[in-house]
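**Student:** So that we are looking at the same thing, I have put the structure below in structure tokens.
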Number of protein chains: 2
Amino acid sequence: MQPIDTHFAHDLILRHVDSVITLTDEQKRYFLSLLRPRRLRRKQLLVQTGEVCRYESFVTKGCLRAFAVDQKGQEHNVMFALEEWWISDLQSLLTEQPATLYVEALEETEVLQIEKKDLDRLFDEVPPFERFFRVKLQNAFVAFQNRIYSTISQTAEERYLEFRQRYPRIEQRVPQYMIASFLGFTPEFLSKIRRDLASR
Amino acid sequence: MQPIDTHFAHDLILRHVDSVITLTDEQKRYFLSLLRPRRLRRKQLLVQTGEVCRYESFVTKGCLRAFAVDQKGQEHNVMFALEEWWISDLQSLLTEQPATLYVEALEETEVLQIEKKDLDRLFDEVPPFERFFRVKLQNAFVAFQNRIYSTISQTAEERYLEFRQRYPRIEQRVPQYMIASFLGFTPEFLSKIRRDLASR
DNA sequence: CGTCTATTTGAATGTACTCAAAAGCGGTGG
DNA sequence: CCACCGCTTTTGAGTACATTCAAATAGACG
């Protein structure tokens, strides 16, 4: 197994951060010093229900999903994360209570992790990061609100078409039955939707 | 019509902000100087589809809803806001594109408004506010994620019961048909759910 | 008291789910 | 290189959950 290309990962996250805030070289070095690269095999868990989530993770390669399991044992995907997305169980990270989500790698995946205590320190010592995450969260808020609007106002077929348009990269990399779960219906029904769409 | 009790409103918002960050007296005065009180009659609009949303609003009294109208002319409530909540069309505020949401007062309502440009200035001049809104947005993110999980994993009845538990204050003040819309089903069906629940 | 709005009811319909089975597909080992 | 295994997708029949439409009640307010 080849080693993680840390240079590539650092470069990627700096460009990502740079798109929102401006940092001095020293701030950049400090930020990078707080990050730990980690590689995950397919199906490996980054966060587990019952354990406190201690890291925020930035995806540099690969693909993950966050899901919860209901009383009947059914899995429900609440989000996916590709390259340049952040993922964690934010509720658990904030409250230091046991996670209610699993986060699982769907492929061979690499992330950069920052521990909660280091993130808090980063906020204190490099205030621009407050802005960075505020802006990221604003965008996430808008995306979630749009998603809620879709689920309360549209049919399964409409939501699927919208998803395809908005996240073509996810659709290509994630199995259908996980997309069905993300959109809130069964894999069998997604199969029918696709058949109907194809026959037009 | 009696004048707005600005002292009360300022007091309320300062306590609200204080629960997350610590400010000097001068920072508090500066913050308050950027706020404009506004009173809304029942059914009056705070944000309108087609116009750019220029303000973030903090509710000091009353109740509002944010909703979108679909192609068929149906309204869909995406959120409610009671006292001590913030509300706007964040997407429009951020991008300065025309709003896709309406925000409407459901009762006689009072808000404190801050203009986008003043909010941006506030972020530059009083960095603790970056933290304040970051924390607020983190909480909103978690709440929205939980709501998405509910809609993809639960039946209408389960979602209604959860809503009642989580937001009893909203349930008491908002008509049923708006709650049905918020939860993603029809008012007729909510009526049946309530009948079924009562008959046990 | 009358009017307007909100809620309830019921019948017919449609959308999406369940369960079981078959077909497809990709990887791995013989 | 083929055969097999496990996993994903497809199919179909029967069912359940939720909608639509229309009409009857119930409540709120002037």
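Chain lettering (A, B, ...) mirrors the order of the structure tokens, residue numbering begins at 1 for each chain separately, and ligand numbering begins at 1 in order of display.
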Compile the residues of chain D that lie within 8 Å of chain A, evaluated using only C-alpha atoms (C1' of nucleotides), and express the compilation as a ChimeraX atom specification.

**Tutor:** /D:8-10

**Student:** Write out as a count of residues only the residues lying within 9 Å of Asn139 of chain A, counting only C-alpha atoms (C1' of nucleotides) and excluding same-chain residues fewer than 6 positions away.

**Tutor:** 3

**Student:** Using only C-alpha atoms (C1' of nucleotides), I'd like every residue of chain A that has an atom within 8 Å of chain C; please write them out as a list of chain:residue names.

**Tutor:**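 Here is what falls inside 8 Å: A:Phe185, A:Thr186, A:Phe189.
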
**Student:** If you run DSSP over the backbone, which residues in segment 24-105 of chain A end up strand (DSSP E or B)? Put them as a VMD selection string.

**Tutor:** chain A and resid 36 to 40 45 to 47 52 55 to 61 64 to 69 75 to 81 86 to 87 98 102 to 105

**Student:** Taking only C-alpha atoms into account and nothing else, which residues of chain A lie no more than 7 Å away from chain B? Please answer as a ChimeraX atom specification.

**Tutor:** /A:76,78,90-91,130-131,133-134,137-138,141-142,144,148-149,152-153,183-184

**Student:** Atom CA of Phe80 of chain A and atom CA of Leu93 of chain A, how far apart in Å?

**Tutor:**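 These two atoms are separated by 18.0 Å.
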
**Student:** Env of Ala81 of chain B: 8 Å cut, atoms = only C-alpha atoms (C1' of nucleotides), seq-sep filter 5 positions within chain, self excluded. Answer as a PyMOL selection string.

**Tutor:** chain B and resi 59+63-65+86-87

**Student:** Check segment 51-195 of chain A with DSSP on the backbone and list each residue it calls helix (DSSP H, G or I), as a VMD selection string.

**Tutor:** chain A and resid 90 to 95 116 to 125 128 to 153 156 to 166 168 to 173 176 to 183 187 to 195

**Student:** Kindly export the residues of the current selection with C-alpha atoms, as a compact mmCIF listing (two decimals), in the first residue's frame.

**Tutor:**
# COMPACT_ATOMS: atom_id res chain seq x y z
CA LEU A 90 -21.53 17.46 14.04
CA GLN A 91 -24.08 16.93 16.78
CA SER A 92 -21.77 14.53 18.57
CA LEU A 93 -18.70 16.69 17.97
CA LEU A 94 -20.42 19.75 19.45
CA THR A 95 -22.08 18.14 22.44
CA LYS A 116 -12.20 19.00 18.27
CA LYS A 117 -9.84 20.54 20.80
CA ASP A 118 -7.49 21.65 18.03
CA LEU A 119 -10.37 23.07 16.06
CA ASP A 120 -11.44 25.09 19.11
CA ARG A 121 -7.88 26.26 19.52
CA LEU A 122 -7.73 27.17 15.85
CA PHE A 123 -10.85 29.30 16.23
CA ASP A 124 -9.25 31.16 19.15
CA GLU A 125 -5.84 31.62 17.58
CA PRO A 128 -10.34 33.86 10.04
CA PHE A 129 -11.28 30.23 10.54
CA GLU A 130 -14.41 31.32 12.36
CA ARG A 131 -15.35 33.04 9.16
CA PHE A 132 -14.35 30.10 7.03
CA PHE A 133 -16.64 27.69 8.86
CA ARG A 134 -19.39 30.26 9.16
CA VAL A 135 -19.42 30.60 5.39
CA LYS A 136 -19.31 26.82 4.89
CA LEU A 137 -22.19 26.41 7.32
CA GLN A 138 -24.22 29.12 5.62
CA ASN A 139 -23.91 27.23 2.37
CA ALA A 140 -24.80 23.97 4.05
CA PHE A 141 -27.83 25.64 5.64
CA VAL A 142 -29.08 26.79 2.26
CA ALA A 143 -28.45 23.37 0.72
CA PHE A 144 -30.31 21.59 3.52
CA GLN A 145 -33.20 24.00 3.32
CA ASN A 146 -33.49 23.35 -0.40
CA ARG A 147 -33.38 19.64 0.25
CA ILE A 148 -36.15 19.91 2.83
CA TYR A 149 -38.20 21.91 0.37
CA SER A 150 -37.73 19.19 -2.24
CA THR A 151 -38.80 16.42 0.08
CA ILE A 152 -41.95 18.19 1.23
CA SER A 153 -42.99 19.50 -2.18
CA ALA A 156 -39.93 10.71 -5.72
CA GLU A 157 -39.32 11.00 -9.46
CA GLU A 158 -38.89 14.76 -9.33
CA ARG A 159 -36.45 14.49 -6.45
CA TYR A 160 -34.44 11.87 -8.29
CA LEU A 161 -34.19 14.04 -11.40
CA GLU A 162 -33.13 17.02 -9.32
CA PHE A 163 -30.53 14.95 -7.51
CA ARG A 164 -29.07 13.72 -10.80
CA GLN A 165 -28.75 17.25 -12.05
CA ARG A 166 -27.30 18.68 -8.88
CA PRO A 168 -23.94 13.99 -11.10
CA ARG A 169 -20.60 13.10 -9.55
CA ILE A 170 -22.28 11.40 -6.63
CA GLU A 171 -24.72 9.53 -8.84
CA GLN A 172 -21.83 7.99 -10.75
CA ARG A 173 -19.99 6.73 -7.71
CA GLN A 176 -28.52 3.16 -6.51
CA TYR A 177 -29.90 1.70 -3.35
CA MET A 178 -27.95 4.24 -1.30
CA ILE A 179 -29.23 7.08 -3.45
CA ALA A 180 -32.79 5.81 -2.95
CA SER A 181 -32.20 5.85 0.80
CA PHE A 182 -30.76 9.37 0.62
CA LEU A 183 -33.80 10.56 -1.30
CA PRO A 187 -34.42 0.87 -4.06
CA GLU A 188 -37.21 -1.08 -5.78
CA PHE A 189 -39.09 2.11 -6.36
CA LEU A 190 -36.03 3.86 -7.75
CA SER A 191 -35.66 1.02 -10.19
CA LYS A 192 -39.22 1.62 -11.37
CA ILE A 193 -38.64 5.33 -11.70
CA ARG A 194 -35.65 4.64 -13.90
CA ARG A 195 -37.59 2.18 -16.04
